[in-house]
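Data file: run-v3.txt. Format and content: compact mmCIF, C-alpha atoms and all ligand atoms.
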# COMPACT_ATOMS: atom_id res chain seq x y z
CA MET X 1 -45.25 44.88 56.82
CA VAL X 2 -43.28 45.96 53.73
CA THR X 3 -45.22 47.96 51.18
CA PRO X 4 -42.66 49.54 48.86
CA ASP X 5 -45.03 50.69 46.13
CA ASN X 6 -47.15 53.54 47.44
CA SER X 7 -47.80 55.01 44.02
CA ARG X 8 -51.39 53.82 43.84
CA THR X 9 -54.25 55.67 45.43
CA ALA X 10 -56.80 54.51 47.98
CA SER X 11 -59.39 54.25 45.20
CA ASP X 12 -57.40 51.32 43.79
CA VAL X 13 -58.14 49.30 46.90
CA VAL X 14 -61.04 46.89 46.43
CA ILE X 15 -60.48 44.79 49.56
CA ASP X 16 -59.24 46.38 52.75
CA VAL X 17 -58.75 44.01 55.68
CA GLN X 18 -58.14 45.89 58.91
CA GLY X 19 -57.14 44.43 62.26
CA LEU X 20 -58.55 40.99 61.47
CA THR X 21 -58.47 38.52 64.34
CA ASN X 22 -59.65 34.92 63.99
CA ARG X 23 -59.71 32.35 66.75
CA PHE X 24 -60.78 28.73 67.03
CA GLY X 25 -61.07 27.92 70.72
CA LYS X 26 -57.69 28.76 72.23
CA GLN X 27 -55.95 28.89 68.85
CA THR X 28 -55.43 32.36 67.41
CA VAL X 29 -55.02 32.09 63.65
CA HIS X 30 -54.90 35.82 62.82
CA ASP X 31 -54.01 38.60 65.21
CA LYS X 32 -54.83 42.13 63.95
CA LEU X 33 -53.97 41.24 60.38
CA ASP X 34 -54.03 44.01 57.74
CA LEU X 35 -54.07 43.50 53.98
CA GLN X 36 -55.15 45.49 50.96
CA VAL X 37 -55.99 44.09 47.55
CA ARG X 38 -55.86 46.42 44.55
CA LYS X 39 -58.27 46.62 41.67
CA GLY X 40 -57.27 44.45 38.72
CA GLU X 41 -54.32 42.76 40.36
CA ILE X 42 -53.61 39.09 40.85
CA LEU X 43 -52.53 38.87 44.47
CA GLY X 44 -50.87 35.62 45.49
CA VAL X 45 -51.26 34.64 49.14
CA VAL X 46 -48.66 32.22 50.49
CA GLY X 47 -47.48 30.94 53.85
CA GLY X 48 -46.68 27.72 55.64
CA SER X 49 -49.37 25.13 56.14
CA GLY X 50 -51.86 26.26 58.77
CA THR X 51 -50.88 29.95 58.68
CA GLY X 52 -54.49 30.83 57.90
CA LYS X 53 -54.62 31.47 54.16
CA SER X 54 -57.95 29.70 53.66
CA VAL X 55 -59.37 31.22 56.85
CA LEU X 56 -58.41 34.66 55.52
CA LEU X 57 -60.16 33.95 52.24
CA ARG X 58 -63.23 32.68 54.10
CA SER X 59 -63.26 35.78 56.32
CA ILE X 60 -63.26 38.09 53.32
CA VAL X 61 -66.04 36.28 51.50
CA GLY X 62 -68.18 36.13 54.64
CA LEU X 63 -67.94 32.41 55.48
CA GLN X 64 -65.93 32.97 58.64
CA LYS X 65 -67.03 35.47 61.26
CA PRO X 66 -63.91 37.09 62.70
CA ALA X 67 -63.40 37.67 66.43
CA ALA X 68 -62.37 41.26 65.64
CA GLY X 69 -61.55 43.55 62.75
CA ASN X 70 -63.22 44.76 59.60
CA VAL X 71 -63.30 43.84 55.97
CA HIS X 72 -64.12 46.67 53.58
CA VAL X 73 -64.96 45.65 50.03
CA PHE X 74 -65.53 48.36 47.40
CA GLY X 75 -65.29 50.84 50.29
CA GLN X 76 -68.11 49.19 52.22
CA ASN X 77 -67.64 47.66 55.66
CA LEU X 78 -69.28 44.29 55.06
CA SER X 79 -69.47 43.38 58.75
CA ALA X 80 -71.64 46.46 59.38
CA LEU X 81 -74.23 45.57 56.75
CA ALA X 82 -77.56 43.86 57.26
CA PRO X 83 -77.47 40.26 55.95
CA GLN X 84 -79.49 41.02 52.80
CA GLU X 85 -77.38 44.03 51.88
CA ARG X 86 -74.22 42.07 52.63
CA SER X 87 -75.20 39.23 50.35
CA ARG X 88 -75.73 41.77 47.54
CA TYR X 89 -72.02 42.64 47.85
CA GLU X 90 -71.01 39.03 48.25
CA ARG X 91 -72.59 38.24 44.90
CA ARG X 92 -69.79 40.24 43.37
CA PHE X 93 -67.41 37.50 44.57
CA GLY X 94 -66.67 34.32 42.67
CA VAL X 95 -65.07 31.61 44.78
CA LEU X 96 -63.22 28.50 43.69
CA PHE X 97 -62.79 26.29 46.75
CA GLN X 98 -59.87 23.99 47.34
CA ARG X 99 -61.63 20.78 46.31
CA GLY X 100 -64.00 22.33 43.80
CA ALA X 101 -67.06 21.88 46.04
CA LEU X 102 -69.31 20.88 43.15
CA PHE X 103 -72.59 19.09 43.88
CA SER X 104 -71.97 15.46 42.98
CA SER X 105 -75.64 14.75 42.16
CA LEU X 106 -75.80 17.53 39.55
CA THR X 107 -74.23 17.60 36.12
CA VAL X 108 -71.51 20.16 35.48
CA LEU X 109 -73.96 22.33 33.53
CA GLU X 110 -76.50 22.13 36.38
CA ASN X 111 -73.80 23.03 38.90
CA VAL X 112 -72.93 26.17 36.96
CA ALA X 113 -76.58 27.03 36.31
CA LEU X 114 -77.54 26.73 39.98
CA PRO X 115 -76.29 30.14 41.19
CA LEU X 116 -77.89 31.75 38.14
CA ILE X 117 -81.24 30.29 39.15
CA GLU X 118 -80.83 30.79 42.89
CA TYR X 119 -79.28 34.26 42.97
CA GLY X 120 -79.70 35.51 39.43
CA GLY X 121 -83.43 34.71 39.34
CA LEU X 122 -83.20 33.08 35.90
CA ALA X 123 -85.44 30.28 34.66
CA ALA X 124 -83.69 26.89 34.30
CA ARG X 125 -83.50 27.11 30.49
CA GLU X 126 -81.91 30.57 30.39
CA ALA X 127 -79.59 29.64 33.25
CA GLN X 128 -78.37 26.60 31.32
CA HIS X 129 -77.74 28.69 28.18
CA LEU X 130 -75.64 31.11 30.21
CA ALA X 131 -73.95 28.27 32.08
CA ALA X 132 -72.83 26.81 28.73
CA ILE X 133 -71.10 30.12 27.95
CA LYS X 134 -69.35 30.07 31.34
CA LEU X 135 -68.13 26.53 30.68
CA ALA X 136 -66.64 27.67 27.39
CA LEU X 137 -65.02 30.64 29.16
CA ALA X 138 -63.42 28.21 31.59
CA GLY X 139 -62.06 26.20 28.65
CA LEU X 140 -64.35 23.17 28.86
CA PRO X 141 -65.82 21.48 25.78
CA PRO X 142 -69.66 21.53 25.56
CA GLU X 143 -69.95 17.77 26.20
CA ALA X 144 -68.38 18.22 29.65
CA GLY X 145 -71.59 19.97 30.71
CA ASN X 146 -73.56 16.71 30.69
CA LYS X 147 -71.08 14.86 32.87
CA TYR X 148 -71.17 14.42 36.62
CA PRO X 149 -68.22 15.75 38.64
CA ALA X 150 -67.07 12.23 39.59
CA SER X 151 -66.40 11.39 35.94
CA LEU X 152 -64.18 14.42 35.28
CA SER X 153 -60.39 14.60 35.45
CA GLY X 154 -58.85 16.79 38.18
CA GLY X 155 -58.15 19.56 35.69
CA MET X 156 -61.71 19.49 34.39
CA VAL X 157 -63.12 19.67 37.93
CA LYS X 158 -61.07 22.83 38.49
CA ARG X 159 -62.38 24.32 35.27
CA ALA X 160 -65.96 23.38 36.12
CA ALA X 161 -65.55 24.98 39.56
CA LEU X 162 -64.07 28.04 37.87
CA ALA X 163 -67.05 28.23 35.51
CA ARG X 164 -69.35 28.17 38.53
CA ALA X 165 -67.29 30.87 40.25
CA LEU X 166 -67.77 33.00 37.11
CA ALA X 167 -71.50 32.32 36.89
CA LEU X 168 -72.68 35.61 38.38
CA ASP X 169 -70.09 37.79 36.56
CA PRO X 170 -68.04 38.51 39.68
CA ASP X 171 -65.73 41.50 40.13
CA ILE X 172 -63.38 39.59 42.41
CA LEU X 173 -62.32 36.01 41.95
CA PHE X 174 -61.10 34.05 44.98
CA LEU X 175 -59.09 30.95 44.19
CA ASP X 176 -57.99 28.52 46.89
CA GLU X 177 -55.07 26.46 45.59
CA PRO X 178 -56.45 26.18 42.05
CA THR X 179 -53.46 24.30 40.63
CA ALA X 180 -53.04 21.83 43.50
CA GLY X 181 -53.09 18.28 42.15
CA LEU X 182 -52.67 19.33 38.51
CA ASP X 183 -49.74 18.17 36.41
CA PRO X 184 -47.30 20.96 35.44
CA ILE X 185 -48.78 21.36 31.94
CA GLY X 186 -52.34 21.47 33.27
CA ALA X 187 -51.27 23.91 35.98
CA ALA X 188 -49.56 26.23 33.47
CA ALA X 189 -52.65 26.15 31.25
CA PHE X 190 -54.82 27.04 34.24
CA ASP X 191 -52.47 29.91 35.13
CA ASN X 192 -52.77 31.26 31.59
CA LEU X 193 -56.53 30.99 31.77
CA ILE X 194 -56.62 33.06 34.96
CA VAL X 195 -54.59 35.83 33.34
CA THR X 196 -56.74 35.76 30.20
CA LEU X 197 -59.92 36.01 32.27
CA ARG X 198 -58.50 38.76 34.46
CA ASP X 199 -57.58 40.77 31.37
CA ALA X 200 -60.79 40.08 29.46
CA LEU X 201 -63.24 40.50 32.32
CA GLY X 202 -61.36 43.09 34.39
CA LEU X 203 -61.28 40.83 37.42
CA THR X 204 -59.35 41.25 40.64
CA VAL X 205 -57.91 37.91 41.76
CA PHE X 206 -57.16 36.76 45.32
CA LEU X 207 -55.16 33.60 44.89
CA VAL X 208 -54.14 31.27 47.72
CA THR X 209 -51.41 28.97 46.47
CA HIS X 210 -48.35 26.88 47.31
CA ASP X 211 -47.37 26.79 43.65
CA LEU X 212 -44.15 28.71 43.07
CA ASP X 213 -44.53 28.52 39.29
CA THR X 214 -47.93 30.19 39.57
CA LEU X 215 -46.54 32.92 41.81
CA TYR X 216 -43.76 33.75 39.37
CA ALA X 217 -45.88 33.35 36.26
CA ILE X 218 -49.01 35.35 37.03
CA CYS X 219 -49.00 37.25 40.35
CA ASP X 220 -48.63 41.03 40.36
CA ARG X 221 -47.94 41.01 44.08
CA VAL X 222 -47.44 38.35 46.71
CA ALA X 223 -48.49 38.44 50.37
CA VAL X 224 -46.78 36.16 52.88
CA LEU X 225 -48.72 35.10 55.96
CA SER X 226 -46.59 34.41 58.99
CA ALA X 227 -46.93 34.75 62.76
CA LYS X 228 -50.67 35.49 62.44
CA ARG X 229 -50.18 38.52 60.18
CA VAL X 230 -49.04 39.57 56.73
CA LEU X 231 -45.27 39.57 56.95
CA VAL X 232 -44.71 41.24 53.59
CA VAL X 233 -46.76 42.18 50.55
CA ALA X 234 -44.87 43.30 47.46
CA ASP X 235 -43.68 42.23 44.02
CA ILE X 236 -42.25 38.73 44.02
CA ASP X 237 -38.58 39.72 43.83
CA THR X 238 -38.93 41.96 46.87
CA VAL X 239 -40.80 39.23 48.73
CA ALA X 240 -38.22 36.58 47.80
CA ALA X 241 -35.45 38.81 49.22
CA THR X 242 -37.23 39.38 52.55
CA PRO X 243 -35.02 38.32 55.45
CA ASP X 244 -37.18 35.65 57.06
CA PRO X 245 -36.36 31.95 57.53
CA TRP X 246 -39.59 30.62 55.98
CA VAL X 247 -39.40 33.04 53.04
CA HIS X 248 -35.77 32.12 52.49
CA ASP X 249 -36.41 28.36 52.53
CA TYR X 250 -39.47 28.72 50.31
CA PHE X 251 -38.13 31.05 47.65
CA GLN X 252 -34.41 30.22 47.73
CA GLY X 253 -34.84 26.44 47.90
CA PRO X 254 -34.41 24.33 44.73
CA ARG X 255 -38.07 24.70 43.68
CA GLY X 256 -38.06 28.45 44.24
CA ARG X 257 -34.88 28.89 42.25
CA ALA X 258 -36.21 26.72 39.41
CA ALA X 259 -39.47 28.68 39.28
CA SER X 260 -37.61 31.99 39.25
CA LYS X 261 -35.31 30.77 36.46
CA ALA X 262 -38.25 29.52 34.41
CA ALA X 263 -40.00 32.89 34.76
CA LEU X 264 -36.85 34.73 33.65
CA SER X 265 -36.43 32.50 30.58
CA LYS X 266 -40.08 32.97 29.65
CA ALA X 267 -39.75 36.74 29.95
CA ALA X 268 -36.59 36.70 27.80
CA LEU X 269 -38.32 34.56 25.16
CA SER X 270 -41.37 36.80 25.00
CA GLN X 271 -39.09 39.82 24.45
CA GLN X 272 -37.55 38.09 21.44
CA GLU X 273 -40.93 37.32 19.85
CA PRO X 274 -42.01 39.75 17.12
CA HIS X 275 -44.86 42.01 18.31
N1 LIG H 301 -63.50 25.52 61.17
C1 LIG H 301 -62.37 25.39 61.88
N2 LIG H 301 -62.39 24.96 63.15
C2 LIG H 301 -61.26 24.86 63.88
N3 LIG H 301 -60.04 25.16 63.41
C3 LIG H 301 -59.96 25.59 62.14
C4 LIG H 301 -61.11 25.74 61.31
N4 LIG H 301 -60.71 26.20 60.09
C5 LIG H 301 -59.39 26.33 60.17
N5 LIG H 301 -58.92 25.98 61.38
C6 LIG H 301 -57.52 26.00 61.82
O1 LIG H 301 -56.99 27.27 61.47
C7 LIG H 301 -55.63 27.14 61.03
C8 LIG H 301 -55.49 27.79 59.68
O2 LIG H 301 -56.18 27.00 58.73
P1 LIG H 301 -56.17 27.31 57.18
O3 LIG H 301 -56.95 26.23 56.51
O4 LIG H 301 -56.56 28.71 56.93
O5 LIG H 301 -54.62 27.15 56.85
P2 LIG H 301 -53.88 27.31 55.46
O6 LIG H 301 -52.83 28.35 55.62
O7 LIG H 301 -54.87 27.54 54.37
O8 LIG H 301 -53.20 25.87 55.35
P3 LIG H 301 -52.89 24.92 54.11
O9 LIG H 301 -51.79 25.58 53.33
O10 LIG H 301 -52.41 23.66 54.76
O11 LIG H 301 -54.16 24.72 53.31
C9 LIG H 301 -55.31 25.65 61.07
O12 LIG H 301 -54.62 25.36 62.25
C10 LIG H 301 -56.67 24.99 61.05
O13 LIG H 301 -56.64 23.76 61.71
Please re-express this file's structure in structure tokens.
Ligand SMILES: Nc1ncnc2c1ncn2[C@@H]1O[C@H](COP(=O)(O)OP(=O)(O)OP(=O)(O)O)[C@@H](O)[C@H]1O
Amino acid sequence: MVTPDNSRTASDVVIDVQGLTNRFGKQTVHDKLDLQVRKGEILGVVGGSGTGKSVLLRSIVGLQKPAAGNVHVFGQNLSALAPQERSRYERRFGVLFQRGALFSSLTVLENVALPLIEYGGLAAREAQHLAAIKLALAGLPPEAGNKYPASLSGGMVKRAALARALALDPDILFLDEPTAGLDPIGAAAFDNLIVTLRDALGLTVFLVTHDLDTLYAICDRVAVLSAKRVLVVADIDTVAATPDPWVHDYFQGPRGRAASKAALSKAALSQQEPH
């Protein structure tokens, strides 16, 4: 594993995955995988289809019991905690699942209010007031709150799911392919929203994605999953230059080159803008 930047201290680490092994029957998805996530960063997690990105996310948030290994979050070994204590820590996580995972029989506002009632102990009225604020944070107009998920556009579903992930004021936001299925303009707007929320709320973001534009635009570091482990975790330019066939095809292919070029032009433009 390549970790060129050792300047940060252990206290920066909010998630420490050590020796994680996950199996499904005879299939080993992770074999003694190690990964650290630093406070306040947006970490992009990439890898070929089926390399175990979602399973890794699920293992960290406690939805997948690993065959071996530990996950420390905020210095606490979550696997060693009693269920009640563990769920206290897990409430500091906000998770946006791949397909949104909203309840279809509830309105958007009710979906966002639900965790506030269930885990936050709020009465329905207060929960809905707070939920309306979360919807606004996620960039949805107030009228979207009264709609059912089926009547929302793909982009709005993502924002509604994001609002729900933010409901309990998490410290760490987990996003599983948040821009999948969005048009490029919608995806760029969602990327910007993630950065704004990270900066405003001091979040740490664990972001599983296939979206090269997202990686170049908003990730502080990128981790590549390959051969059941983390092949490399570093800034994107270091990752893109890693000698590995999948990394090469992914980052040096036409889409990778276009995304890199777009990021460079954006950086040049922002330097020209008056501050
Ligand atoms: N609950 C499960 N039962 C059995 N196998 C599973 C289960 N969940 C995941 N897997 C298998 O684990 C492997 C990793 O799955 P995972 O969804 O983490 O991949 P991924 O890297 O997120 O892929 P993609 O980019 O296609 O979403 C796959 O082979 C998948 O079929």
* **Nearest to X:Asp183 by atom-to-atom distance, counting only C-alpha atoms, from X:Thr209, X:Tyr250, X:Ser153, X:Val95** => X:Ser153
Kindly work out which residues sit at most 8 Å from ligand LIG 301 (chain H), using only C-alpha atoms and all ligand atoms, and give the list as a short mmCIF file (atom, residue, chain, number, x, y, z; two decimals) with C-alpha atoms, in the coordinates of the input.
data_model
loop_
_atom_site.label_atom_id
_atom_site.label_comp_id
_atom_site.auth_asym_id
_atom_site.auth_seq_id
_atom_site.Cartn_x
_atom_site.Cartn_y
_atom_site.Cartn_z
CA ARG X 23 -59.71 32.35 66.75
CA PHE X 24 -60.78 28.73 67.03
CA GLY X 25 -61.07 27.92 70.72
CA GLN X 27 -55.95 28.89 68.85
CA THR X 28 -55.43 32.36 67.41
CA VAL X 29 -55.02 32.09 63.65
CA VAL X 46 -48.66 32.22 50.49
CA GLY X 47 -47.48 30.94 53.85
CA GLY X 48 -46.68 27.72 55.64
CA SER X 49 -49.37 25.13 56.14
CA GLY X 50 -51.86 26.26 58.77
CA THR X 51 -50.88 29.95 58.68
CA GLY X 52 -54.49 30.83 57.90
CA LYS X 53 -54.62 31.47 54.16
CA SER X 54 -57.95 29.70 53.66
CA VAL X 55 -59.37 31.22 56.85
CA LEU X 56 -58.41 34.66 55.52
CA LEU X 57 -60.16 33.95 52.24
CA GLU X 177 -55.07 26.46 45.59
CA VAL X 208 -54.14 31.27 47.72
CA THR X 209 -51.41 28.97 46.47
CA HIS X 210 -48.35 26.88 47.31
CA LEU X 225 -48.72 35.10 55.96
#
* Among the residues X:Asp169, X:Asp199, X:Asp235, X:Asp31, the one that comes closest to X:Val45 [using only C-alpha atoms] ->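 Nearest candidate to X:Val45 out of X:Asp169, X:Asp199, X:Asp235, X:Asp31: X:Asp235.
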* To do: Grab the atom CA of X:Asn192 to atom CA of X:Leu207 distance for me, in Å with one decimal place.
  =>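 Value for the atom CA of X:Asn192-atom CA of X:Leu207 distance: 13.7 Å.
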* To do: Counting only C-alpha atoms, write as a ChimeraX atom specification all protein and nucleic acid residues lying at most 9 Å from (-57.5, 36.8, 43.7) in the file's frame.
  => /X:37,41-45,172-176,203-208
* Quick one: pull the distance between atom CA of X:Glu85 and atom CA of X:Glu110, Å, one decimal. => 26.8 Å
* Atomic distance atom CA of X:Ile15 - atom CA of X:Asn77, expressed in Å with one decimal ->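 These two atoms are separated by 9.8 Å.
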* To do: Show which residues sit within 6 Å of X:Gly19, as a ChimeraX atom specification. Count only C-alpha atoms, and ignore same-chain residues fewer than 6 positions away.
  => /X:32-34,69
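The shortest atom-to-atom distance to X:Leu137, with all atoms listed in the file taken into account, belongs to X:Ala160 out of X:Ala160, X:Leu96, X:Ala187, X:Ile60.
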For the contact check between stretch 184-231 of chain X and stretch 237-247 of chain X, emit one row per residue of stretch 184-231 of chain X within 12 Å, containing the shortest atom pair and the distance in Å rounded to one decimal, counting all atoms listed in the file, chain then rising number order, as CSV.
residue,atom,partner,partner_atom,distance
X:Leu212,CA,X:Ala240,CA,10.9
X:Leu215,CA,X:Asp237,CA,10.7
X:Tyr216,CA,X:Asp237,CA,9.1
X:Cys219,CA,X:Asp237,CA,11.3
X:Asp220,CA,X:Asp237,CA,10.7
X:Arg221,CA,X:Val239,CA,8.7
X:Val222,CA,X:Val239,CA,7.0
X:Ala223,CA,X:Val239,CA,7.9
X:Val224,CA,X:Val239,CA,7.9
X:Leu225,CA,X:Val247,CA,10.0
X:Ser226,CA,X:Trp246,CA,8.5
X:Ala227,CA,X:Trp246,CA,10.8
X:Val230,CA,X:Val239,CA,11.5
X:Leu231,CA,X:Asp244,CA,9.0
* From the set X:Gly256, X:Pro66, X:Val108, X:Tyr119, which residue has the shortest atom-to-atom contact distance to X:Gln84, counting all atoms listed in the file? ->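 Looking only at the distances to X:Gln84, the closest residue turns out to be X:Tyr119.
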* With only C-alpha atoms as the atoms that count, which of X:Val17, X:Asn111, X:Gln98, X:Ala258 lies nearest to X:Val73? ->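 Closest residue, counting only C-alpha atoms: X:Val17.
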* Would you mind telling me which residue in X:Ala82, X:Ala217, X:Ala163, X:Val157 lies nearest to X:Ala188 when using all atoms listed in the file? =>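 Once distances to X:Ala188 are computed over all atoms listed in the file, the minimum belongs to X:Ala217.
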Please put the answer as JSON: centre and edge lengths, in Å with one decimal, of a box along x, y and z that encloses all listed atoms of stretch 239-246 of chain X plus 4 Å on each side.
{"center_x": -37.9, "center_y": 35.0, "center_z": 52.7, "size_x": 13.8, "size_y": 16.8, "size_z": 17.7}
* To do: Please determine the residues with any atom at most 10 Å from (-72.3, 44.2, 43.1) (coordinates as given in the file, with only C-alpha atoms counting) and report them as JSON, numbers by chain.
  => {"X": [74, 86, 87, 88, 89, 90, 91, 92, 93, 168, 169, 170, 171]}
Taking C-alpha atoms for each residue, export the selection above as a PDB file, in the frame of the given file.
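To be explicit, this is the file written out as again-v1.pdb:
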ATOM      1  CA  PHE X  74     -65.530  48.360  47.400  1.00  0.00           C
ATOM      2  CA  ARG X  86     -74.220  42.070  52.630  1.00  0.00           C
ATOM      3  CA  SER X  87     -75.200  39.230  50.350  1.00  0.00           C
ATOM      4  CA  ARG X  88     -75.730  41.770  47.540  1.00  0.00           C
ATOM      5  CA  TYR X  89     -72.020  42.640  47.850  1.00  0.00           C
ATOM      6  CA  GLU X  90     -71.010  39.030  48.250  1.00  0.00           C
ATOM      7  CA  ARG X  91     -72.590  38.240  44.900  1.00  0.00           C
ATOM      8  CA  ARG X  92     -69.790  40.240  43.370  1.00  0.00           C
ATOM      9  CA  PHE X  93     -67.410  37.500  44.570  1.00  0.00           C
ATOM     10  CA  LEU X 168     -72.680  35.610  38.380  1.00  0.00           C
ATOM     11  CA  ASP X 169     -70.090  37.790  36.560  1.00  0.00           C
ATOM     12  CA  PRO X 170     -68.040  38.510  39.680  1.00  0.00           C
ATOM     13  CA  ASP X 171     -65.730  41.500  40.130  1.00  0.00           C
TER      14      ASP X 171
END
